[in-house]
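Participant: Okay, here's the structure, questions in a sec.
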Amino acid sequence: MKKLNSAVDRFAYNHPRFGIPNLMKYVVAGNVIAFLLLQFSSSAAVSFLAFAPHYVLRGEIWRLVTFIFLPANAGNVFSLILSLYFYYWIGNLLEREWGTPKFTLYYLSGMVLSVLTGFIVYFTGGGGIIYGASYINLSMFFAFAVLYPDLQILLFFIIPVKVKWLAWVDAALFAVSVISSAFQLNLLGALLPLVAMLNFFVFFWTEITGAISRQRGYAAHANSHRTVQFKSAAKKQEKKAKEQGYHHKCSVCGRTDAEYPNLQFRYCSRCAGYHCFCEDHIFNHEHFTS
């Protein structure tokens, strides 16, 4: 995965003219045309756009591309407009963030992986027919959520929600859908989401492994001997403070917070052990070495 991630970045850097500028504009336009065809004719009129391995092998190779133009919400005009606008918006932001070559690679890799899944299902006894780019759009949304996690959008034009929370909800629904399809022995329903999302893991492998490493580092620090020692010392200090009537005492002048409540006290990180100093001596003292 790491090598693929590096190869993608290297290819995008070495081929600045690769790709289709404003790619999402053409995807949205294709969806609108397909929707209009559906409104003025039967569904059979646009069935030639779907990816169907049987017909592709008979020479109808346009289906390798045109399946992304089939609208997912053809029965609801408002939902279709909202969906197309949303994915057009996030697609343009991703292209602006990554550049045309990398964004085009991301979208095309999603298409290739979807087609590959369709053929796998077809050759294992299933239909392998794919309508629309639902999982490609989902992987695009996950990419957007990683790059802009704290960006707020208005859910139902009313409720402000951060993108990262919507992504977690989508991820949970995604997992439920895959597991449910697997239990129902729906091979396409179980494989297509997983394979179609592989481009997300390739493109964000560095971020994913970095987050895991940071989480492990936090856990290791929380359980480290030094951390445990400090917690233990803090408890002892709290118990001692109750017995002696003060919390902090300067290791140089002996002043305490009970006698001088307005005086600031700090602990020195360079001293061996846990030694407290008042504001006059925190930067002006000899460090304890043992």
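Quick note on naming: the chains in the structure tokens go A, B, ... in the order shown, residues restart at 1 in each chain, and ligands are numbered from 1 in order of appearance.
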DSSP says strand (DSSP E or B) for which residues of stretch 10-183 of chain A? Put them as a PDB file with N, CA, C and O atoms, in the first residue's frame?
Facilitator:
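Output saved as result-v9.pdb:
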ATOM      1  N   PHE A  51     -23.298  -0.909 -16.498  1.00  0.00           N
ATOM      2  CA  PHE A  51     -22.205  -1.849 -16.701  1.00  0.00           C
ATOM      3  C   PHE A  51     -22.750  -3.265 -16.574  1.00  0.00           C
ATOM      4  O   PHE A  51     -23.245  -3.663 -15.526  1.00  0.00           O
ATOM      5  N   ILE A 130     -23.801  -3.162 -12.694  1.00  0.00           N
ATOM      6  CA  ILE A 130     -23.622  -2.007 -11.808  1.00  0.00           C
ATOM      7  C   ILE A 130     -24.378  -0.819 -12.380  1.00  0.00           C
ATOM      8  O   ILE A 130     -24.202  -0.439 -13.538  1.00  0.00           O
ATOM      9  N   GLN A 152     -18.000  22.430   8.585  1.00  0.00           N
ATOM     10  CA  GLN A 152     -19.415  22.253   8.936  1.00  0.00           C
ATOM     11  C   GLN A 152     -20.300  22.434   7.708  1.00  0.00           C
ATOM     12  O   GLN A 152     -20.086  23.332   6.900  1.00  0.00           O
ATOM     13  N   ILE A 153     -21.279  21.546   7.583  1.00  0.00           N
ATOM     14  CA  ILE A 153     -22.289  21.692   6.545  1.00  0.00           C
ATOM     15  C   ILE A 153     -23.659  21.678   7.223  1.00  0.00           C
ATOM     16  O   ILE A 153     -23.800  21.177   8.339  1.00  0.00           O
ATOM     17  N   LEU A 154     -24.644  22.230   6.538  1.00  0.00           N
ATOM     18  CA  LEU A 154     -25.991  22.296   7.105  1.00  0.00           C
ATOM     19  C   LEU A 154     -26.791  21.079   6.655  1.00  0.00           C
ATOM     20  O   LEU A 154     -27.160  20.964   5.483  1.00  0.00           O
ATOM     21  N   LEU A 155     -27.047  20.175   7.587  1.00  0.00           N
ATOM     22  CA  LEU A 155     -27.844  18.992   7.301  1.00  0.00           C
ATOM     23  C   LEU A 155     -29.305  19.402   7.206  1.00  0.00           C
ATOM     24  O   LEU A 155     -29.837  20.047   8.118  1.00  0.00           O
ATOM     25  N   ILE A 159     -29.395  21.954  10.318  1.00  0.00           N
ATOM     26  CA  ILE A 159     -28.550  21.471  11.405  1.00  0.00           C
ATOM     27  C   ILE A 159     -27.077  21.527  11.006  1.00  0.00           C
ATOM     28  O   ILE A 159     -26.669  20.848  10.061  1.00  0.00           O
ATOM     29  N   PRO A 160     -26.256  22.322  11.728  1.00  0.00           N
ATOM     30  CA  PRO A 160     -24.820  22.345  11.414  1.00  0.00           C
ATOM     31  C   PRO A 160     -24.132  21.078  11.932  1.00  0.00           C
ATOM     32  O   PRO A 160     -24.224  20.747  13.111  1.00  0.00           O
ATOM     33  N   VAL A 161     -23.477  20.357  11.049  1.00  0.00           N
ATOM     34  CA  VAL A 161     -22.802  19.110  11.409  1.00  0.00           C
ATOM     35  C   VAL A 161     -21.412  19.102  10.787  1.00  0.00           C
ATOM     36  O   VAL A 161     -21.239  19.498   9.637  1.00  0.00           O
ATOM     37  N   LYS A 162     -20.427  18.649  11.559  1.00  0.00           N
ATOM     38  CA  LYS A 162     -19.076  18.529  11.013  1.00  0.00           C
ATOM     39  C   LYS A 162     -19.008  17.326  10.073  1.00  0.00           C
ATOM     40  O   LYS A 162     -19.618  16.292  10.325  1.00  0.00           O
TER      41      LYS A 162
END
Participant: A:Val169: which residues within 12 Å, counting only C-alpha atoms, same-chain residues fewer than 6 positions away excluded, as a list of chain:residue names?
Facilitator: A:Leu138, A:Phe141, A:Phe142, A:Ala145, A:Val161, A:Lys162, A:Val163, A:Ala175, A:Val176
Participant: Skip A:Phe283 itself and residues of its chain fewer than 3 positions away, then list as a list of chain:residue names all residues within 12 Å of it, counting only C-alpha atoms.
Facilitator: A:Val252, A:Phe265, A:Arg266, A:Tyr267, A:Cys268, A:Ser269, A:Arg270, A:Cys271, A:Cys276, A:Phe277, A:Cys278, A:Glu279, A:Asp280, A:Glu286, A:His287
Participant: Just the selected residues (N, CA and C atoms), exported as a PDB file, in the first residue's frame, please.
Facilitator:
ATOM      1  N   VAL A 252      13.632  26.334  47.218  1.00  0.00           N
ATOM      2  CA  VAL A 252      14.745  27.256  47.462  1.00  0.00           C
ATOM      3  C   VAL A 252      14.493  28.132  48.691  1.00  0.00           C
ATOM      4  N   PHE A 265       3.478  28.988  41.613  1.00  0.00           N
ATOM      5  CA  PHE A 265       4.430  27.896  41.828  1.00  0.00           C
ATOM      6  C   PHE A 265       4.449  26.988  40.595  1.00  0.00           C
ATOM      7  N   ARG A 266       5.650  26.481  40.268  1.00  0.00           N
ATOM      8  CA  ARG A 266       5.801  25.586  39.138  1.00  0.00           C
ATOM      9  C   ARG A 266       6.750  24.438  39.485  1.00  0.00           C
ATOM     10  N   TYR A 267       6.640  23.335  38.741  1.00  0.00           N
ATOM     11  CA  TYR A 267       7.559  22.200  38.899  1.00  0.00           C
ATOM     12  C   TYR A 267       8.585  22.251  37.768  1.00  0.00           C
ATOM     13  N   CYS A 268       9.824  21.953  38.077  1.00  0.00           N
ATOM     14  CA  CYS A 268      10.905  21.998  37.080  1.00  0.00           C
ATOM     15  C   CYS A 268      11.049  20.627  36.416  1.00  0.00           C
ATOM     16  N   SER A 269      10.981  20.612  35.105  1.00  0.00           N
ATOM     17  CA  SER A 269      11.081  19.348  34.368  1.00  0.00           C
ATOM     18  C   SER A 269      12.524  18.871  34.222  1.00  0.00           C
ATOM     19  N   ARG A 270      13.485  19.759  34.470  1.00  0.00           N
ATOM     20  CA  ARG A 270      14.895  19.389  34.311  1.00  0.00           C
ATOM     21  C   ARG A 270      15.507  18.824  35.589  1.00  0.00           C
ATOM     22  N   CYS A 271      14.810  19.015  36.710  1.00  0.00           N
ATOM     23  CA  CYS A 271      15.319  18.497  37.980  1.00  0.00           C
ATOM     24  C   CYS A 271      14.964  17.020  38.133  1.00  0.00           C
ATOM     25  N   CYS A 276       9.312  21.633  43.504  1.00  0.00           N
ATOM     26  CA  CYS A 276       8.480  22.801  43.239  1.00  0.00           C
ATOM     27  C   CYS A 276       9.282  24.076  43.521  1.00  0.00           C
ATOM     28  N   PHE A 277       9.008  25.115  42.715  1.00  0.00           N
ATOM     29  CA  PHE A 277       9.690  26.397  42.909  1.00  0.00           C
ATOM     30  C   PHE A 277       8.679  27.530  42.742  1.00  0.00           C
ATOM     31  N   CYS A 278       8.927  28.615  43.487  1.00  0.00           N
ATOM     32  CA  CYS A 278       8.068  29.786  43.348  1.00  0.00           C
ATOM     33  C   CYS A 278       8.454  30.530  42.077  1.00  0.00           C
ATOM     34  N   GLU A 279       7.686  31.563  41.752  1.00  0.00           N
ATOM     35  CA  GLU A 279       7.919  32.289  40.507  1.00  0.00           C
ATOM     36  C   GLU A 279       9.262  33.021  40.487  1.00  0.00           C
ATOM     37  N   ASP A 280       9.818  33.281  41.678  1.00  0.00           N
ATOM     38  CA  ASP A 280      11.118  33.955  41.739  1.00  0.00           C
ATOM     39  C   ASP A 280      12.282  33.006  41.492  1.00  0.00           C
ATOM     40  N   GLU A 286      19.549  26.029  41.166  1.00  0.00           N
ATOM     41  CA  GLU A 286      20.425  24.935  40.763  1.00  0.00           C
ATOM     42  C   GLU A 286      19.597  23.667  40.635  1.00  0.00           C
ATOM     43  N   HIS A 287      19.734  22.973  39.518  1.00  0.00           N
ATOM     44  CA  HIS A 287      18.901  21.798  39.274  1.00  0.00           C
ATOM     45  C   HIS A 287      19.326  20.627  40.158  1.00  0.00           C
TER      46      HIS A 287
END
Participant: Mind checking DSSP for stretch 11-83 of chain A and telling me the alpha helix (DSSP H) residues as a ChimeraX atom specification?
Facilitator: /A:11-14,23-40,53-56,63-66,77-83
Participant: My list of candidates is A:Phe204, A:Phe288, A:Phe78, A:Trp62. Which is closest to A:Ser139 when distances are computed with only C-alpha atoms?
Facilitator: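 Nearest candidate to A:Ser139 out of A:Phe204, A:Phe288, A:Phe78, A:Trp62: A:Phe204.
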Participant: Taking into account only C-alpha atoms, which residue in the set A:Leu37, A:Leu23, A:Val112, A:Leu194 is nearest to A:Arg96?
Facilitator: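 Smallest distance to A:Arg96 is found for A:Leu23.
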Participant: Could you jot down the atom CA of A:Pro149 to atom CA of A:Trp168 separation for me, Å, one decimal place?
Facilitator: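 These two atoms are separated by 10.6 Å.
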Participant: With only C-alpha atoms as the counted atoms, please give the residues lying no more than 10 Å from A:Pro193, apart from itself and same-chain residues fewer than 6 positions off, as a PyMOL selection string.
Facilitator: chain A and resi 113-114+117+134-136+138-139+174-175+177-178
